[in-house]
Amino acid sequence: MQPTRLNILARLKRSPFVFPLAALAALALVFISETAYWQSTASMGQLGTMATARNHLMNLSRRVVDAESGQRGYLLTGRKEYLEPYRDAFDDIDNALKWLSAYYGQDGRESAAMRKLKTLVQRKLSELDATMRLYDEGRAEAWRSVLLTDIGKEQMDDIRRVSEQLLAEEARKDAAGHKEVFDTLLLNRIGVAAMSAISLLALAMYLRQTAALEAHRHERQQLIEAERDRLEVEVERRTEQLTELAQHLQTAREDERSRLARELHDELGALLTAAKLDAARIKSRLGNSSPDATERLAHLGGILNDGIALKRRIIEDLRPSSLSNLGLLAALQIQSREFAQRSGIQVDCALEPVALEPAIELTVYRLVQEAFTNIAKHAQAKRVEVALSERDGKAEISVRDDGAGFDPSVRRASTHGLLGMRYRVEAGGGRFRLDSAPGRGTRIHASLPLRSAA
């Protein structure tokens, strides 16, 4: 039995109907309170009406006695002063009879008693009035005989008996009305207590349900945060792995470029040099015997010279020998001068010597190289500024042009070069920033760490 009761309570606590139950209990509480109020108000009104009826009944009997006393005083003394209370009693009796007749008009049994009382009162008043007329007419024997009979006493006894009967009925109704009021108040008290208990129970279950939901939400939040932390750690780990892989690929790419540069320099350079020497020997042996062959050998020598120049440019693009042989500043100046010659764009350099690791120097060189490539393809610029300096313990490199510019927030298909720049800089421990706007040119800026003292 006990586990079953606990299961029911647990289901109630989790039930979605707890809050509506509390609302219904509150509405029932208001309904009970209002019903009890109106019933009590109606009962109190009825009690007030019954009290008025009792007052009229008692006043009726008293005023009949007052009328009889006034009549007796006038008959015995002949003084007019006794006529005033007599007449006033008649008016009050008439008003009381009208009110009581209307009040008892709905109840059959009490209505009959009221009609009897009215008849008795009217007979008594007629008897008093007749005696007064006999007195006024001077018929002393007649009014004395009427006065000395027992008719008046019997009529008063009947009036008192019927009045007491109606008063007893009013007392009974008054007691019933008070009992009804007390019963209504008791029921209201019980109903309010019961509804209050139900409301408090529903409120307690609602609060516990809210607390349980809050605890569940907190638990879910903790699980979500734990999962988020785990995913963040996983993302950081994967990012670190991808960074290491990208650095490895970048290093492998540069190594492959160096290998290709060496092979081009050694193998292709040897072939082109040998071909040029053979062409020179053939030209010297022919002399002036064959002008046409001499002209063709001279053309062949020019082609070989162009091939040697192309080989050198390809080697410089693959692995800039000027960077390893002359240093970063000289390599940037050579690169800027060659770009200006090829593109016809004015290039201004403001370069200061900075101490960088060889890998960082290569990053700076490639950054400027990619910036020149993008400017030649898209910028439509007339002037380019290249700056290198040391600031706040960092090497600051920037390339600015006065070209068309673009909106960096709009994703473009041709942004792989910019992404490559950003990756190179961030892989070297630096920070990359791009500033551009349509019609306002573009500025590429990177901040890279200096070479450590160790």
# chains A, B, ... in the order shown; residues from 1 in each chain; ligands from 1

call {"tool": "select_by_dssp", "arguments": {"residues": "segment 382-417 of chain A", "states": "strand (DSSP E)", "output": "number ranges by chain"}}
result
A: 383-391, 394-401

call {"tool": "residues_around", "arguments": {"residues": "segment 357-372 of chain A", "least_positions_apart": "2", "cutoff": "6 Å", "atoms": "only C-alpha atoms", "output": "PyMOL selection string"}}
result
chain A and resi 374-375+421+451

call {"tool": "atom_distance", "arguments": {"atom1": "atom CA of Gly439 of chain A", "atom2": "atom CA of Ala404 of chain A"}}
result
4.7 Å

call {"tool": "atom_distance", "arguments": {"atom1": "atom CA of Arg133 of chain A", "atom2": "atom CA of Phe90 of chain A"}}
result
15.5 Å

call {"tool": "atom_distance", "arguments": {"atom1": "atom CA of Gly430 of chain A", "atom2": "atom CA of Pro449 of chain A"}}
result
6.3 Å

call {"tool": "closest_residue", "arguments": {"among": "A:Thr210, A:Ser447, A:Ser163, A:Ser322", "to": "Glu110 of chain A", "atoms": "only C-alpha atoms"}}
result
A:Ser163

call {"tool": "residues_around", "arguments": {"residues": "segment 265-274 of chain A", "least_positions_apart": "6", "cutoff": "9 Å", "atoms": "only C-alpha atoms", "output": "list in words"}}
result
Leu304, Asn305, Gly307, Ile308, Lys311, Arg312 and Ile315 of chain A

call {"tool": "closest_atom_pairs", "arguments": {"of": "segment 118-140 of chain A", "to": "segment 77-80 of chain A", "cutoff": "12 Å", "atoms": "only C-alpha atoms", "output": "tab-separated table"}}
result
residue	atom	partner	partner_atom	distance
A:Met132	CA	A:Gly78	CA	10.6
A:Tyr135	CA	A:Gly78	CA	9.2
A:Asp136	CA	A:Gly78	CA	9.6
A:Gly138	CA	A:Gly78	CA	11.5

call {"tool": "residues_around", "arguments": {"residues": "segment 47-53 of chain A", "least_positions_apart": "6", "cutoff": "9 Å", "atoms": "only C-alpha atoms", "output": "VMD selection string"}}
result
chain A and resid 99 to 100 103 167 170 to 171 173 to 174 177 to 178

call {"tool": "write_last_selection", "arguments": {"atoms": "C-alpha atoms", "output": "PDB file, in the first residue's frame"}}
result
ATOM      1  CA  TRP A  99     -47.481  46.360   6.354  1.00  0.00           C
ATOM      2  CA  LEU A 100     -48.347  43.079   8.097  1.00  0.00           C
ATOM      3  CA  TYR A 103     -45.837  40.692   4.678  1.00  0.00           C
ATOM      4  CA  LEU A 167     -44.778  36.357  17.261  1.00  0.00           C
ATOM      5  CA  GLU A 170     -41.625  34.803  13.776  1.00  0.00           C
ATOM      6  CA  ALA A 171     -39.386  33.663  16.615  1.00  0.00           C
ATOM      7  CA  LYS A 173     -38.398  31.622  11.664  1.00  0.00           C
ATOM      8  CA  ASP A 174     -35.817  33.867  13.280  1.00  0.00           C
ATOM      9  CA  GLY A 177     -32.775  31.975   9.871  1.00  0.00           C
ATOM     10  CA  HIS A 178     -29.954  32.287  12.427  1.00  0.00           C
TER      11      HIS A 178
END
